[in-house]
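So this block is entry_21.txt, compact mmCIF, C-alpha atoms:
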```txt
# COMPACT_ATOMS: atom_id res chain seq x y z
CA MET A 24 1.28 23.19 -21.63
CA LYS A 25 0.45 25.65 -18.86
CA SER A 26 -0.02 24.35 -15.33
CA GLU A 27 -3.71 25.27 -15.20
CA GLU A 28 -4.32 23.58 -18.58
CA LEU A 29 -2.56 20.45 -17.36
CA SER A 30 -4.62 20.43 -14.18
CA HIS A 31 -7.85 20.87 -16.18
CA PHE A 32 -6.81 18.07 -18.56
CA ARG A 33 -6.16 15.72 -15.63
CA ASP A 34 -9.51 16.64 -14.04
CA ILE A 35 -11.39 15.90 -17.27
CA LEU A 36 -9.62 12.56 -17.71
CA ARG A 37 -10.39 11.52 -14.11
CA GLN A 38 -14.04 12.44 -14.59
CA MET A 39 -14.20 10.49 -17.85
CA GLN A 40 -12.41 7.51 -16.28
CA ARG A 41 -14.86 7.42 -13.37
CA SER A 42 -17.85 7.66 -15.72
CA LEU A 43 -16.57 4.92 -18.01
CA GLY A 44 -15.53 2.73 -15.06
CA TRP A 45 -19.00 2.98 -13.58
CA LEU A 46 -20.55 2.22 -16.97
CA ALA A 47 -18.38 -0.87 -17.47
CA LYS A 48 -19.22 -2.19 -14.01
CA SER A 49 -22.95 -1.59 -14.33
CA ASP A 50 -23.28 -2.95 -17.87
CA ALA A 51 -21.16 -6.03 -17.20
CA ALA A 52 -23.07 -6.71 -13.98
CA CYS A 53 -26.41 -6.48 -15.73
CA CYS A 54 -25.18 -9.06 -18.25
CA GLY A 55 -24.10 -11.41 -15.47
CA VAL A 56 -20.33 -11.22 -15.93
CA THR A 57 -17.48 -9.47 -14.15
CA VAL A 58 -15.72 -6.46 -15.68
CA SER A 59 -12.69 -8.68 -16.47
CA GLN A 60 -14.91 -11.24 -18.16
CA CYS A 61 -16.64 -8.44 -20.07
CA HIS A 62 -13.34 -7.18 -21.50
CA ALA A 63 -12.24 -10.71 -22.40
CA LEU A 64 -15.62 -11.54 -23.99
CA LEU A 65 -15.48 -8.40 -26.12
CA GLU A 66 -11.96 -9.17 -27.33
CA ILE A 67 -12.64 -12.84 -28.06
CA GLY A 68 -15.94 -11.98 -29.75
CA LYS A 69 -14.30 -9.29 -31.87
CA THR A 70 -11.55 -11.62 -33.11
CA GLY A 71 -13.63 -14.80 -33.29
CA THR A 72 -10.75 -16.91 -32.01
CA ILE A 73 -7.62 -15.94 -30.12
CA THR A 74 -4.80 -17.51 -28.13
CA LEU A 75 -4.41 -16.85 -24.42
CA ILE A 76 -1.11 -15.05 -25.10
CA ASP A 77 -2.70 -12.78 -27.70
CA LEU A 78 -5.67 -12.10 -25.42
CA ALA A 79 -3.34 -11.12 -22.57
CA ALA A 80 -1.44 -8.79 -24.91
CA ALA A 81 -4.65 -7.22 -26.25
CA LEU A 82 -5.86 -6.53 -22.71
CA ALA A 83 -2.41 -5.46 -21.47
CA LEU A 84 -2.45 -8.13 -18.74
CA ASP A 85 -0.03 -10.89 -17.84
CA THR A 86 -0.97 -14.38 -18.94
CA SER A 87 -1.48 -15.68 -15.40
CA THR A 88 -4.07 -12.97 -14.70
CA ILE A 89 -6.01 -13.56 -17.90
CA SER A 90 -5.67 -17.32 -17.45
CA ARG A 91 -7.66 -17.13 -14.20
CA THR A 92 -10.34 -15.06 -15.92
CA VAL A 93 -10.52 -17.52 -18.82
CA ASP A 94 -10.68 -20.46 -16.39
CA SER A 95 -13.76 -18.92 -14.77
CA MET A 96 -15.26 -18.23 -18.20
CA VAL A 97 -14.75 -21.84 -19.28
CA LYS A 98 -16.35 -23.00 -16.01
CA ASP A 99 -19.31 -20.65 -16.66
CA ASP A 100 -19.66 -22.01 -20.23
CA LEU A 101 -18.82 -18.65 -21.83
CA VAL A 102 -15.59 -19.68 -23.55
CA GLU A 103 -14.28 -22.87 -25.08
CA ARG A 104 -10.62 -23.87 -25.36
CA LYS A 105 -9.61 -25.70 -28.55
CA ALA A 106 -6.25 -26.96 -29.75
CA ASP A 107 -4.77 -24.74 -32.44
CA PRO A 108 -4.93 -26.72 -35.70
CA ASP A 109 -1.59 -25.26 -36.86
CA ASP A 110 0.30 -25.72 -33.58
CA ARG A 111 -1.16 -28.09 -31.00
CA ARG A 112 1.00 -26.52 -28.27
CA TYR A 113 -1.36 -23.53 -28.32
CA LEU A 114 -4.97 -23.33 -27.28
CA ARG A 115 -7.41 -21.09 -29.08
CA LEU A 116 -10.28 -19.43 -27.27
CA THR A 117 -13.72 -19.07 -28.82
CA LEU A 118 -17.07 -18.02 -27.45
CA THR A 119 -19.68 -20.63 -26.67
CA LYS A 120 -23.30 -20.01 -27.63
CA LYS A 121 -23.91 -18.59 -24.14
CA GLY A 122 -20.78 -16.42 -24.44
CA GLN A 123 -21.88 -15.18 -27.87
CA ASN A 124 -25.29 -14.23 -26.49
CA ILE A 125 -23.71 -12.21 -23.67
CA TYR A 126 -21.24 -10.65 -26.14
CA ASP A 127 -24.17 -9.56 -28.33
CA GLU A 128 -26.06 -8.21 -25.30
CA ILE A 129 -23.05 -6.19 -24.09
CA ASN A 130 -22.49 -4.75 -27.57
CA CYS A 131 -26.15 -3.84 -27.93
CA THR A 132 -26.15 -2.13 -24.52
CA PHE A 133 -22.97 -0.15 -25.21
CA ASN A 134 -24.06 0.78 -28.75
CA LEU A 135 -27.32 2.23 -27.43
CA TYR A 136 -25.51 4.08 -24.67
CA TYR A 137 -22.88 5.66 -26.93
CA LYS A 138 -25.44 6.44 -29.63
CA GLU A 139 -27.37 8.38 -27.00
CA ILE A 140 -24.19 10.26 -26.03
CA PHE A 141 -23.55 11.22 -29.64
CA THR A 142 -27.07 12.63 -30.03
CA GLY A 143 -26.00 15.43 -27.69
CA ILE A 144 -22.95 16.25 -29.82
CA PRO A 145 -23.20 18.16 -33.12
CA GLU A 146 -22.85 15.68 -35.99
CA ASP A 147 -20.06 17.69 -37.64
CA LYS A 148 -17.95 17.11 -34.47
CA HIS A 149 -18.30 13.29 -34.37
CA ALA A 150 -15.26 12.51 -36.56
CA ALA A 151 -13.08 15.02 -34.69
CA ILE A 152 -14.04 13.50 -31.32
CA ILE A 153 -13.28 9.97 -32.51
CA GLU A 154 -9.94 11.09 -33.97
CA SER A 155 -9.03 12.95 -30.76
CA ILE A 156 -9.85 9.95 -28.59
CA GLU A 157 -7.74 7.70 -30.85
CA ILE A 158 -4.80 10.11 -30.56
CA LEU A 159 -5.22 10.34 -26.78
CA THR A 160 -5.53 6.56 -26.39
CA ASN A 161 -2.39 5.98 -28.46
CA ALA A 162 -0.49 8.58 -26.41
CA LEU A 163 -1.67 6.98 -23.16
CA THR A 164 -0.72 3.51 -24.39
CA ASP A 165 2.77 4.72 -25.32
CA LYS A 166 3.28 6.31 -21.88
CA ASN A 167 2.22 3.52 -19.52
CA ASN A 168 3.99 2.84 -16.21
CA VAL A 169 4.29 6.55 -15.45
CA CYS A 170 4.97 6.09 -11.74
CA CYS A 171 7.97 3.88 -12.40
CA ARG A 172 9.77 6.19 -14.81
CA GLU A 173 12.71 7.90 -13.13
CA GLU A 174 12.82 10.86 -15.52
CA LEU A 175 9.43 12.00 -14.22
CA HIS A 176 10.73 12.24 -10.65
CA LYS A 177 13.65 14.55 -11.44
```

Write out the structure in this file as structure tokens.
Amino acid sequence: MKSEELSHFRDILRQMQRSLGWLAKSDAACCGVTVSQCHALLEIGKTGTITLIDLAAALALDTSTISRTVDSMVKDDLVERKADPDDRRYLRLTLTKKGQNIYDEINCTFNLYYKEIFTGIPEDKHAAIIESIEILTNALTDKNNVCCREELHK
């Protein structure tokens, strides 16, 4: 990749990251939860029930970080902890009624927002955009911890 293409790619990603970061903050705030709680709610709601360890892995966070978020969500009556019926050493997380309502509200808000975005994109490009974002996301996920990799500093 040429230097100017790489620079342009980085600029576009930064712009997209800022836009999506702002969106996440504003939408989560309007639903009365933090951005961290928003991400956790979406993951728990999507799976229906999940362990703390699996939630941490899904969000690429350490368990102590997600544990604090879940503690606040339990306190706010958004999430319930239940003993795993198959292994009582594990706790399973599920949404409470209040958590489910916020989950539904967040999904509705994001669905409307992204539907509006796609109205400005030719319909025959929708599948290509989704495929490209999946490829990019997978590539980014595979290349995390960039600053710590010695081979990049040579």

For atom CA of A:Gly55 and atom CA of A:Ile76, quote the distance in Å rounded to one decimal.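 Computing the Euclidean distance for atom CA of A:Gly55 and atom CA of A:Ile76 yields 25.2 Å.
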
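Across A:Asn124, A:Ser155, A:Thr117, A:Gln60, the tightest approach to A:Met96 is made by A:Gln60 when counting all atoms listed in the file.
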
Work out how far apart atom CA of A:Ile129 and atom CA of A:Cys61 are and give it in Å to one decimal. 7.9 Å

Please write as a PDB file with C-alpha atoms, keeping the file's coordinate frame the list of polymer residues whose atoms come within 9 Å of (-26.2, -20.4, -20.8), counting all atoms listed in the file and keeping to the coordinates of the file.
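Listing of point-v1.pdb after writing:
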```pdb
ATOM      1  CA  ASP A  99     -19.310 -20.650 -16.660  1.00  0.00           C
ATOM      2  CA  ASP A 100     -19.660 -22.010 -20.230  1.00  0.00           C
ATOM      3  CA  LEU A 101     -18.820 -18.650 -21.830  1.00  0.00           C
ATOM      4  CA  THR A 119     -19.680 -20.630 -26.670  1.00  0.00           C
ATOM      5  CA  LYS A 120     -23.300 -20.010 -27.630  1.00  0.00           C
ATOM      6  CA  LYS A 121     -23.910 -18.590 -24.140  1.00  0.00           C
ATOM      7  CA  GLY A 122     -20.780 -16.420 -24.440  1.00  0.00           C
ATOM      8  CA  ASN A 124     -25.290 -14.230 -26.490  1.00  0.00           C
TER       9      ASN A 124
END
```

Atomic distance atom CA of A:Thr160 - atom CA of A:Ser90, expressed in Å with one decimal: 25.5 Å

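Closest approach to A:Thr70 among A:Tyr126, A:Arg91, A:Arg41, A:Glu28 is made by A:Tyr126 (distances from all atoms listed in the file).
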
Please identify all polymer residues lying at most 12 Å from the point (-13.0, -7.3, -16.9) (file coordinates), using all atoms listed in the file, and present the result as a PyMOL selection string. chain A and resi 44+47-52+55-66+79+82-84+88-89+91-93+95-96

Find the residue from A:Thr72, A:Thr142, A:Thr132, A:Thr86 that sits nearest to A:Arg115; use all atoms listed in the file when measuring. A:Thr72

Exercise on stretch 148-162 of chain A, axis-aligned box with 5 Å per side, report centre and edge lengths in Å to one decimal, as lines of an AutoDock Vina configuration file:
```
center_x = -9.4
center_y = 11.5
center_z = -31.5
size_x = 27.8
size_y = 21.1
size_z = 20.2
```

Can you pull out the residues contacting A:Ile153? Cut-off 12 Å, using all atoms listed in the file, and skip same-chain residues under 6 positions away; I want them as number ranges by chain. A: 137, 141, 144, 146-147, 159-160
